[in-house]
Structure formats: C-alpha cells, structure tokens
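Visitor: The following file, my_file00.cif, comprises mmCIF, C-alpha atoms and all ligand atoms:
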```cif
data_model
loop_
_atom_site.label_atom_id
_atom_site.label_comp_id
_atom_site.auth_asym_id
_atom_site.auth_seq_id
_atom_site.Cartn_x
_atom_site.Cartn_y
_atom_site.Cartn_z
CA GLU A 1 -38.71 41.72 -28.15
CA LEU A 2 -35.48 39.70 -28.36
CA ALA A 3 -36.82 36.90 -30.56
CA GLU A 4 -38.04 39.33 -33.21
CA GLU A 5 -34.83 41.33 -33.08
CA PHE A 6 -32.88 38.07 -33.46
CA LEU A 7 -34.75 37.24 -36.66
CA GLU A 8 -34.12 40.75 -37.99
CA PHE A 9 -30.39 40.33 -37.37
CA LEU A 10 -30.50 37.06 -39.31
CA ASP A 11 -32.45 38.64 -42.16
CA GLU A 12 -29.95 41.47 -42.48
CA SER A 13 -26.95 39.13 -42.60
CA GLU A 14 -25.78 37.45 -45.80
CA SER A 15 -23.67 34.98 -43.86
CA THR A 16 -24.21 33.92 -40.27
CA ALA A 17 -22.02 31.58 -38.22
CA ILE A 18 -23.05 30.00 -34.93
CA LEU A 19 -20.76 28.83 -32.13
CA THR A 20 -22.38 26.64 -29.47
CA GLY A 21 -21.27 25.47 -26.05
CA ALA A 22 -22.52 23.23 -23.27
CA GLY A 23 -25.36 25.65 -22.41
CA VAL A 24 -27.33 24.57 -25.51
CA SER A 25 -27.50 21.01 -24.17
CA THR A 26 -28.43 21.56 -20.51
CA ALA A 27 -32.12 21.44 -21.49
CA SER A 28 -31.41 17.93 -22.82
CA GLY A 29 -30.28 16.87 -19.36
CA ILE A 30 -26.54 17.14 -19.98
CA PRO A 31 -24.81 19.32 -17.38
CA ASP A 32 -22.53 22.13 -18.55
CA PHE A 33 -19.08 22.77 -17.07
CA ARG A 34 -19.11 26.21 -15.48
CA GLY A 35 -22.81 26.99 -14.97
CA PRO A 36 -24.49 26.93 -11.53
CA GLN A 37 -25.06 23.12 -11.81
CA GLY A 38 -21.88 22.58 -13.81
CA LEU A 39 -19.59 19.54 -13.78
CA TYR A 40 -16.71 21.57 -12.35
CA LYS A 41 -18.76 22.25 -9.21
CA LYS A 42 -18.31 18.58 -8.39
CA LEU A 43 -15.27 17.45 -10.34
CA PRO A 44 -11.83 18.97 -10.77
CA GLN A 45 -11.04 20.29 -14.25
CA TYR A 46 -7.89 18.11 -14.41
CA ILE A 47 -9.99 15.03 -15.26
CA PHE A 48 -9.89 16.38 -18.83
CA ASP A 49 -6.10 16.90 -18.81
CA LEU A 50 -4.29 14.67 -21.28
CA ASP A 51 -1.66 13.87 -18.61
CA PHE A 52 -4.34 12.65 -16.21
CA PHE A 53 -5.87 10.40 -18.85
CA LEU A 54 -2.49 8.94 -19.85
CA SER A 55 -1.30 8.36 -16.29
CA GLN A 56 -4.64 7.23 -14.77
CA PRO A 57 -6.90 5.94 -17.53
CA ALA A 58 -8.85 3.73 -15.11
CA GLU A 59 -9.70 6.78 -12.98
CA TYR A 60 -10.69 8.75 -16.06
CA TYR A 61 -13.00 6.00 -17.29
CA LYS A 62 -14.52 5.53 -13.81
CA ILE A 63 -15.53 9.20 -13.74
CA ALA A 64 -16.39 9.70 -17.41
CA ALA A 65 -18.02 6.44 -18.55
CA ASP A 66 -21.50 7.41 -17.38
CA ARG A 67 -21.17 11.17 -17.35
CA ILE A 68 -19.49 11.78 -20.70
CA HIS A 69 -19.65 8.68 -22.87
CA ASN A 70 -23.13 7.42 -22.14
CA LEU A 71 -25.27 10.03 -23.87
CA PHE A 72 -27.11 7.72 -26.32
CA ASN A 73 -30.48 8.28 -24.70
CA LYS A 74 -30.25 12.10 -24.73
CA GLU A 75 -32.49 13.96 -27.15
CA PRO A 76 -32.01 17.31 -28.90
CA ASN A 77 -33.93 20.26 -27.45
CA ALA A 78 -35.47 23.39 -28.97
CA THR A 79 -32.11 25.08 -29.59
CA HIS A 80 -30.74 22.13 -31.55
CA ARG A 81 -34.00 21.98 -33.53
CA LEU A 82 -33.97 25.73 -34.17
CA LEU A 83 -30.42 25.63 -35.54
CA ALA A 84 -31.24 22.70 -37.84
CA MET A 85 -34.29 24.60 -39.06
CA LEU A 86 -32.35 27.83 -39.67
CA GLU A 87 -29.76 25.93 -41.70
CA LYS A 88 -32.46 24.27 -43.80
CA LYS A 89 -34.01 27.69 -44.50
CA GLY A 90 -30.60 29.00 -45.57
CA MET A 91 -30.56 31.51 -42.71
CA ILE A 92 -27.29 30.27 -41.16
CA GLU A 93 -24.21 28.70 -42.75
CA GLY A 94 -23.67 26.05 -40.11
CA VAL A 95 -22.82 25.35 -36.51
CA ILE A 96 -19.38 25.34 -34.94
CA THR A 97 -19.65 23.46 -31.67
CA GLN A 98 -17.51 22.82 -28.62
CA ASN A 99 -19.94 20.08 -27.62
CA ILE A 100 -19.14 16.40 -27.90
CA ASP A 101 -22.70 15.10 -27.53
CA GLY A 102 -23.67 14.87 -31.21
CA LEU A 103 -27.06 16.47 -30.57
CA HIS A 104 -26.82 19.02 -33.41
CA GLN A 105 -26.50 16.17 -35.91
CA LYS A 106 -29.28 14.23 -34.16
CA ALA A 107 -31.54 17.28 -34.60
CA GLY A 108 -30.80 17.36 -38.34
CA SER A 109 -28.04 19.95 -38.68
CA LYS A 110 -25.90 19.08 -41.71
CA LYS A 111 -22.91 21.38 -41.36
CA VAL A 112 -21.60 20.76 -37.86
CA ILE A 113 -17.97 21.54 -37.09
CA GLU A 114 -16.93 19.65 -33.97
CA LEU A 115 -13.99 21.47 -32.40
CA HIS A 116 -13.62 19.19 -29.38
CA GLY A 117 -14.40 15.82 -30.98
CA ASN A 118 -17.22 13.42 -30.19
CA ALA A 119 -17.84 11.42 -27.02
CA GLN A 120 -19.28 8.47 -28.95
CA LYS A 121 -16.04 7.88 -30.84
CA PHE A 122 -12.84 6.20 -29.64
CA PHE A 123 -9.58 5.03 -31.14
CA CYS A 124 -6.55 2.96 -30.22
CA MET A 125 -3.53 5.13 -29.41
CA SER A 126 -1.17 2.46 -30.79
CA CYS A 127 -2.72 1.22 -34.05
CA GLY A 128 -5.48 3.75 -34.66
CA LYS A 129 -8.31 1.21 -34.79
CA ARG A 130 -11.69 2.89 -34.21
CA TYR A 131 -14.24 1.91 -31.60
CA THR A 132 -17.73 3.11 -30.68
CA ALA A 133 -18.89 4.13 -27.21
CA GLU A 134 -20.94 0.92 -27.14
CA ASP A 135 -17.80 -1.17 -27.71
CA VAL A 136 -15.94 0.68 -25.00
CA LEU A 137 -18.73 0.60 -22.41
CA LYS A 138 -18.94 -3.15 -22.93
CA MET A 139 -15.18 -3.50 -22.34
CA LEU A 140 -15.53 -1.43 -19.17
CA GLU A 141 -17.94 -4.01 -17.74
CA VAL A 142 -15.08 -6.48 -17.52
CA SER A 143 -12.00 -4.27 -17.25
CA ASP A 144 -10.99 -0.90 -15.74
CA VAL A 145 -9.27 0.24 -18.91
CA PRO A 146 -10.41 -0.49 -22.48
CA LYS A 147 -7.62 -2.06 -24.53
CA CYS A 148 -7.42 -2.60 -28.25
CA THR A 149 -6.97 -6.06 -29.81
CA CYS A 150 -3.36 -4.92 -30.37
CA GLY A 151 -2.96 -4.16 -26.67
CA GLY A 152 -2.95 -0.36 -27.06
CA LEU A 153 -4.83 2.05 -24.83
CA ILE A 154 -8.19 3.16 -26.22
CA LYS A 155 -8.73 6.91 -25.99
CA PRO A 156 -11.91 8.91 -26.51
CA ASP A 157 -11.86 10.94 -29.72
CA VAL A 158 -12.33 14.12 -27.72
CA VAL A 159 -9.89 16.96 -27.22
CA PHE A 160 -8.28 16.95 -23.78
CA PHE A 161 -6.57 19.95 -22.24
CA GLY A 162 -3.01 19.75 -23.51
CA GLU A 163 -4.02 18.55 -26.98
CA ALA A 164 -4.36 20.47 -30.22
CA LEU A 165 -7.78 20.88 -31.80
CA PRO A 166 -8.45 18.84 -34.95
CA GLU A 167 -6.80 20.82 -37.74
CA SER A 168 -9.45 20.43 -40.41
CA ALA A 169 -12.27 21.39 -38.03
CA MET A 170 -10.33 24.45 -36.90
CA ALA A 171 -9.61 25.45 -40.51
CA GLU A 172 -13.30 25.13 -41.45
CA ALA A 173 -14.31 27.11 -38.37
CA TYR A 174 -11.95 29.92 -39.34
CA ILE A 175 -13.38 30.04 -42.86
CA LEU A 176 -16.95 30.31 -41.53
CA SER A 177 -15.87 32.98 -39.05
CA GLU A 178 -13.92 34.97 -41.61
CA ASN A 179 -16.89 35.09 -44.00
CA ALA A 180 -19.50 35.83 -41.34
CA GLU A 181 -21.37 39.12 -41.31
CA LEU A 182 -23.04 37.99 -38.12
CA PHE A 183 -21.43 35.71 -35.54
CA ILE A 184 -23.65 34.31 -32.81
CA THR A 185 -22.49 32.43 -29.74
CA MET A 186 -24.97 30.36 -27.76
CA GLY A 187 -24.53 28.74 -24.36
CA SER A 188 -20.78 29.12 -23.99
CA SER A 189 -18.82 30.87 -21.26
CA LEU A 190 -16.24 31.70 -23.98
CA VAL A 191 -13.24 31.17 -21.74
CA VAL A 192 -11.70 28.09 -23.35
CA TYR A 193 -9.22 28.80 -26.15
CA PRO A 194 -8.71 28.47 -29.07
CA ALA A 195 -12.51 28.08 -29.57
CA ALA A 196 -13.11 31.37 -27.78
CA HIS A 197 -10.84 33.14 -30.25
CA LEU A 198 -13.31 32.63 -33.11
CA PRO A 199 -15.77 35.39 -32.10
CA THR A 200 -12.91 37.88 -31.74
CA PHE A 201 -11.49 36.81 -35.10
CA ALA A 202 -14.92 37.13 -36.77
CA LYS A 203 -15.29 40.61 -35.33
CA GLN A 204 -11.86 41.64 -36.58
CA LYS A 205 -12.99 40.49 -40.04
CA GLY A 206 -16.03 42.71 -39.81
CA ALA A 207 -18.76 40.57 -38.26
CA LYS A 208 -21.31 41.78 -35.78
CA LEU A 209 -21.14 39.71 -32.58
CA LEU A 210 -24.26 38.56 -30.73
CA ILE A 211 -23.76 36.62 -27.50
CA ILE A 212 -26.69 34.61 -26.14
CA ASN A 213 -25.98 33.18 -22.73
CA GLN A 214 -27.33 33.06 -19.23
CA GLY A 215 -24.46 34.37 -17.16
CA GLU A 216 -21.28 36.23 -17.93
CA THR A 217 -18.94 35.23 -20.73
CA GLY A 218 -15.29 36.04 -21.32
CA LEU A 219 -16.21 38.14 -24.38
CA ASP A 220 -19.19 40.20 -23.16
CA TYR A 221 -17.02 43.30 -23.46
CA ILE A 222 -16.67 42.99 -27.25
CA ALA A 223 -20.25 41.90 -27.99
CA ASP A 224 -22.42 44.17 -30.12
CA LYS A 225 -25.41 42.64 -28.33
CA LYS A 226 -25.81 40.31 -25.38
CA TYR A 227 -29.02 38.39 -24.68
CA GLU A 228 -29.25 37.03 -21.14
CA CYS A 229 -31.92 34.41 -21.48
CA ASP A 230 -32.75 30.75 -21.18
CA LEU A 231 -31.83 29.29 -24.56
CA ALA A 232 -34.50 26.59 -24.63
CA GLU A 233 -37.27 29.13 -24.00
CA PHE A 234 -35.73 31.61 -26.42
CA SER A 235 -35.49 28.96 -29.15
CA GLU A 236 -39.09 27.77 -28.59
CA ARG A 237 -40.21 31.35 -29.07
CA ILE A 238 -38.34 31.71 -32.37
CA ILE A 239 -39.56 28.36 -33.66
CA SER A 240 -43.13 29.50 -33.05
CA LEU A 241 -42.43 32.85 -34.75
CA LEU A 242 -41.13 30.94 -37.75
CA GLY A 243 -44.47 29.18 -37.75
CA GLU A 244 -43.24 25.64 -37.35
CA VAL A 245 -43.77 23.03 -34.68
P1 LIG A 301 -19.42 26.26 -19.96
O1 LIG A 301 -20.03 25.34 -18.95
O2 LIG A 301 -18.13 26.89 -19.65
O3 LIG A 301 -20.45 27.43 -20.30
C1 LIG A 301 -21.82 27.17 -20.53
C2 LIG A 301 -22.58 28.47 -20.35
O4 LIG A 301 -23.94 28.24 -20.72
C3 LIG A 301 -22.58 28.99 -18.92
O5 LIG A 301 -22.26 30.36 -18.91
C4 LIG A 301 -24.02 28.74 -18.45
O6 LIG A 301 -24.46 29.70 -17.50
C5 LIG A 301 -24.78 28.86 -19.76
N1 LIG A 301 -26.05 28.11 -19.79
C6 LIG A 301 -26.33 26.89 -19.28
N2 LIG A 301 -27.59 26.52 -19.53
C7 LIG A 301 -28.16 27.56 -20.22
C8 LIG A 301 -29.47 27.80 -20.76
N3 LIG A 301 -30.45 26.89 -20.67
N4 LIG A 301 -29.69 28.98 -21.40
C9 LIG A 301 -28.70 29.91 -21.52
N5 LIG A 301 -27.45 29.73 -21.03
C10 LIG A 301 -27.18 28.57 -20.39
O7 LIG A 301 -19.39 25.43 -21.35
P2 LIG A 301 -18.52 25.74 -22.65
O8 LIG A 301 -18.35 27.19 -22.85
O9 LIG A 301 -19.11 24.93 -23.73
O10 LIG A 301 -13.76 21.51 -23.20
O11 LIG A 301 -17.14 25.11 -22.23
C11 LIG A 301 -16.08 25.10 -23.14
C12 LIG A 301 -15.20 23.90 -22.93
O12 LIG A 301 -14.79 23.79 -21.56
C13 LIG A 301 -15.87 22.56 -23.17
O13 LIG A 301 -15.96 22.23 -24.53
C14 LIG A 301 -14.98 21.61 -22.45
C15 LIG A 301 -14.81 22.39 -21.18
O14 LIG A 301 -13.70 22.12 -20.44
C16 LIG A 301 -12.90 20.52 -23.02
O15 LIG A 301 -13.09 19.63 -22.19
C17 LIG A 301 -11.69 20.57 -23.90
#
```
Mind turning the file's structure into structure tokens?
Ligand code: OAD
Guide:
Amino acid sequence: ELAEEFLEFLDESESTAILTGAGVSTASGIPDFRGPQGLYKKLPQYIFDLDFFLSQPAEYYKIAADRIHNLFNKEPNATHRLLAMLEKKGMIEGVITQNIDGLHQKAGSKKVIELHGNAQKFFCMSCGKRYTAEDVLKMLEVSDVPKCTCGGLIKPDVVFFGEALPESAMAEAYILSENAELFITMGSSLVVYPAAHLPTFAKQKGAKLLIINQGETGLDYIADKKYECDLAEFSERIISLLGEV
C-alpha cells in the first residue's frame, strides 16, 4: 500500500524536503492553475505577467481581488495538517511551497519557504510601505486601483511572471534540496521554473525523488516513484496510520 510505503521512505531518510504546489490546496476550495478545474481553463495566464499588472492594474485587481487575495476564510486540509505533523515529529525538514495561500502556516508548519510570495501581503512600489489584504480590499471598495498614502501603486507581494523569485527563499530552498536524501513533490505540475528545478537539483545531489500528483508532471521521467492519487485522501490515510486525529 502507498501510504505504508510512503512512511517507510520517510523512515529511511535522514533528511526529507517537501515541495508543494496548488494541488495541495484544492481540497480547501482553492482552485489550482492547470488541473481539470484549474484557473487557466477560464483565465489567460498573462493575468500574472508583471507587464499586465503594471499596465492594467485595475484589470488585474478586478480579476484577482476575490480569486487570489480573498482567502482569509479558507482552512487547511489533511495534507497541510499531515505536513505540519511530520515536521513536528522530526520526519521532514520543512516545506518549500509555490503556494501563496498561507495554509501551511495556518496548519502549524514552522519551516515554510514561500517561493512565490504571499497573497495576503502587499507593498507600495514607490516607498515600500506594507499593507495587508484587508487594507487593500477596503481600498478596492472605493477605487479601481489601490494607492499608497505617497501616491504609489500598491502591488501584491507575490511573484509575477517576469519577476525574480525572492533571493533568500530561493537560497534556503536550495540548501534544503542539496541536503535532502528524499525529495517529495506534492500537488504540482512541475512546469514552472525555477521552482521546478529544485527536484532535479536534489536528485543531482543524490536525493531520491518521489512525485505525488494526480495527473502528469513535467518531471515524471526522472522520478524514482510516482504516486497518482488524491492528496487529501492519501494524507488522511497517513494521518490515521500515524495514529493521530
Ligand atoms: P498547477 O495547477 O500547475 O498543478 C497542480 C497539480 O496538482 C495538477 O497536476 C493537478 O492535477 C494536481 N492536483 C490538483 N488537485 C489534486 C489533488 N486533490 N490530489 C492530487 N493532485 C491534485 O499548480 P502548480 O504546479 O503549483 O505561479 O503551479 C505552479 C505555478 O504556476 C504557481 O505557483 C503559479 C502558477 O502560474 C505563479 O503565478 C508565478
């Protein structure tokens, strides 16, 4: 059985790194990007281009306010809980995530490396002043574009296509990957770089690669093992094997 095998892999590894993608949050009611019900089935990918945001911020906020920046009421699911539990038990080093929903932290994970930023955080592009999603959603009730007290454009603290990933997060992610004996990806199509380079890098440094995802990924061909399963069900099963509720 996969769940038992999964726990054996963890037991055998001295250092395990996890990389998560949007597929770990679909069970929390947040759509992924490229899955069968994904965002890109309805919206063009260019809405996350930096150029689009800079040239048409009102359009960006119209599309993204509810879909991307209004996730306060979402709750972690079994996969978030499992990863928090595994960290607490010392069975994984931490979670590298491409997600911007903050649900790993909400579930209790301590070491969370956010590669693509966080949808609840914003900052002024002119003076750097920080704002919360609550601040910005309030501004959007009275204006198409949120503006700082200094007049600057307020931008989400998320990585758009055309932007570099936060350097310190990337550096930490590379350290985890380099030291990993086991590298596990969960719920990511593994087609967006540089995040999708981490599993390859970990493997080059000697890690075993386990991919857990429903549907193909860009790195299936280098995986040592691939589990095609629903992550929420899979995680529930492991939580019950670990004897916790
Ligand atoms: P994707 O939407 O590309 O991939 C999510 C994967 O999870 C898909 O292969 C789904 O089939 C799978 N999946 C969904 N629900 C699942 C479930 N319950 N159990 C198992 N698998 C499930 O999302 P990411 O790989 O995270 O970046 O996308 C990477 C980046 O592309 C995002 O961070 C975002 C996006 O554009 C930026 O915007 C910069």
Visitor: Which residues come within 10 Å of A:Gly218, counting all atoms listed in the file, excluding same-chain residues fewer than 2 positions away, as a count of residues only?
Guide: 10
Visitor: Select, from A:Gln37, A:Asn118, A:Asn99, A:Ser109, the residue with the minimum atom-to-atom distance to A:Val158, counting all atoms listed in the file.
Guide: A:Asn118
Visitor: One decimal, Å: what's the distance from atom CA of A:Phe53 over to atom CA of A:Ser25, could you say?
Guide: 24.7 Å
Visitor: Which of these, A:Leu82, A:Val142, A:Leu2, A:Ile96, has the shortest distance to A:Ser177 once you count all atoms listed in the file?
Guide: A:Ile96
Visitor: Sort by chain and increasing residue number a table of all residues of chain A within 8 Å of ligand LIG 301 (chain A), each with its closest pair of atoms and their distance in Å to one decimal, counting all atoms listed in the file, and write it as a Markdown table.
Guide:
```
| residue | atom | partner | partner_atom | distance |
| --- | --- | --- | --- | --- |
| A:Thr20 | CA | A:LIG301 | O9 | 6.8 |
| A:Gly21 | CA | A:LIG301 | O9 | 3.2 |
| A:Ala22 | CA | A:LIG301 | O9 | 3.8 |
| A:Gly23 | CA | A:LIG301 | O4 | 3.4 |
| A:Val24 | CA | A:LIG301 | C8 | 6.1 |
| A:Ser25 | CA | A:LIG301 | N2 | 7.2 |
| A:Thr26 | CA | A:LIG301 | N2 | 5.1 |
| A:Ala27 | CA | A:LIG301 | N3 | 5.8 |
| A:Pro31 | CA | A:LIG301 | O1 | 7.8 |
| A:Asp32 | CA | A:LIG301 | O1 | 4.1 |
| A:Phe33 | CA | A:LIG301 | O1 | 3.3 |
| A:Arg34 | CA | A:LIG301 | O1 | 3.7 |
| A:Gly35 | CA | A:LIG301 | O6 | 4.1 |
| A:Pro36 | CA | A:LIG301 | O6 | 6.6 |
| A:Gly38 | CA | A:LIG301 | O1 | 6.1 |
| A:Leu39 | CA | A:LIG301 | O1 | 7.8 |
| A:Gln45 | CA | A:LIG301 | O14 | 7.0 |
| A:Phe48 | CA | A:LIG301 | O15 | 5.7 |
| A:Gln98 | CA | A:LIG301 | O13 | 4.4 |
| A:Asn99 | CA | A:LIG301 | O13 | 5.5 |
| A:Ile100 | CA | A:LIG301 | O13 | 7.4 |
| A:His116 | CA | A:LIG301 | C17 | 6.0 |
| A:Val158 | CA | A:LIG301 | C17 | 7.5 |
| A:Val159 | CA | A:LIG301 | C17 | 5.2 |
| A:Phe160 | CA | A:LIG301 | C17 | 5.0 |
| A:Phe161 | CA | A:LIG301 | C17 | 5.4 |
| A:Met186 | CA | A:LIG301 | N5 | 7.2 |
| A:Gly187 | CA | A:LIG301 | O4 | 3.7 |
| A:Ser188 | CA | A:LIG301 | O8 | 3.3 |
| A:Ser189 | CA | A:LIG301 | O3 | 3.9 |
| A:Leu190 | CA | A:LIG301 | O8 | 5.1 |
| A:Val191 | CA | A:LIG301 | O8 | 6.6 |
| A:Val192 | CA | A:LIG301 | C11 | 5.3 |
| A:Ala195 | CA | A:LIG301 | C11 | 7.9 |
| A:Ile212 | CA | A:LIG301 | C9 | 6.9 |
| A:Asn213 | CA | A:LIG301 | N5 | 4.1 |
| A:Gln214 | CA | A:LIG301 | N5 | 3.8 |
| A:Gly215 | CA | A:LIG301 | O6 | 4.7 |
| A:Glu216 | CA | A:LIG301 | O5 | 6.0 |
| A:Thr217 | CA | A:LIG301 | O5 | 6.2 |
| A:Glu228 | CA | A:LIG301 | C9 | 7.2 |
| A:Cys229 | CA | A:LIG301 | C9 | 5.5 |
| A:Asp230 | CA | A:LIG301 | N4 | 3.5 |
| A:Leu231 | CA | A:LIG301 | N4 | 3.8 |
| A:Ala232 | CA | A:LIG301 | N3 | 5.7 |
| A:Glu233 | CA | A:LIG301 | N3 | 7.9 |
```
Visitor: In Å, rounded to a single decimal, give me how far atom CA of A:Tyr60 is from atom CA of A:Leu43.
Guide: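 Those two atoms sit 11.4 Å apart.
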Visitor: Do you have the atom CA of A:Lys203-atom CA of A:Ile175 distance handy?
Guide: 13.1 Å
Visitor: Show me, as a list in words, the residues that have an atom within 10 Å of A:Lys121 when counting all atoms listed in the file, minus same-chain residues fewer than 6 positions from it.
Guide: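 The contact residues come out as His69, Ile100, Arg130, Tyr131, Thr132, Ala133, Glu134, Asp135, Val136, Lys155, Pro156, Asp157 and Val158 of chain A.
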Visitor: Closest to A:Asp49 among A:Glu163, A:Glu75, A:Glu114, A:Glu1, using all atoms listed in the file?
Guide: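 For A:Asp49, the nearest of the given residues is A:Glu163.
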Visitor: Would you mind listing what lies within 12 Å of A:Lys208 as a CSV table (one decimal) with C-alpha atoms, in the frame of the given file, with only C-alpha atoms counted and same-chain residues fewer than 6 positions away left out?
Guide:
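Contents of out.csv, freshly written:
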```
chain,number,residue,atom,x,y,z
A,9,PHE,CA,-30.4,40.3,-37.4
A,10,LEU,CA,-30.5,37.1,-39.3
A,12,GLU,CA,-30.0,41.5,-42.5
A,13,SER,CA,-27.0,39.1,-42.6
A,14,GLU,CA,-25.8,37.4,-45.8
A,15,SER,CA,-23.7,35.0,-43.9
A,16,THR,CA,-24.2,33.9,-40.3
A,17,ALA,CA,-22.0,31.6,-38.2
A,18,ILE,CA,-23.0,30.0,-34.9
A,177,SER,CA,-15.9,33.0,-39.0
A,178,GLU,CA,-13.9,35.0,-41.6
A,179,ASN,CA,-16.9,35.1,-44.0
A,180,ALA,CA,-19.5,35.8,-41.3
A,181,GLU,CA,-21.4,39.1,-41.3
A,182,LEU,CA,-23.0,38.0,-38.1
A,183,PHE,CA,-21.4,35.7,-35.5
A,184,ILE,CA,-23.6,34.3,-32.8
A,185,THR,CA,-22.5,32.4,-29.7
A,199,PRO,CA,-15.8,35.4,-32.1
A,200,THR,CA,-12.9,37.9,-31.7
A,201,PHE,CA,-11.5,36.8,-35.1
A,202,ALA,CA,-14.9,37.1,-36.8
A,222,ILE,CA,-16.7,43.0,-27.2
A,223,ALA,CA,-20.2,41.9,-28.0
A,224,ASP,CA,-22.4,44.2,-30.1
A,225,LYS,CA,-25.4,42.6,-28.3
A,226,LYS,CA,-25.8,40.3,-25.4
```
Visitor: So, counting all atoms listed in the file, which residue among A:Ile63, A:Ser126, A:Leu176, A:Ser235 is closest to A:Ala84?
Guide: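 Ranked by minimum distance to A:Ala84, first place goes to A:Ser235.
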Visitor: So which one's closest to A:Ser55, A:Cys148, A:Leu153, A:Leu210, A:Cys124? Using only C-alpha atoms, please.
Guide: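 Using only C-alpha atoms, A:Ser55 sits closest to A:Leu153.
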Visitor: Which is closest to A:Pro76 among A:Met139, A:His104, A:Gly128, A:Gly162, if we use all atoms listed in the file?
Guide: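 Closest to A:Pro76 of all the choices is A:His104.
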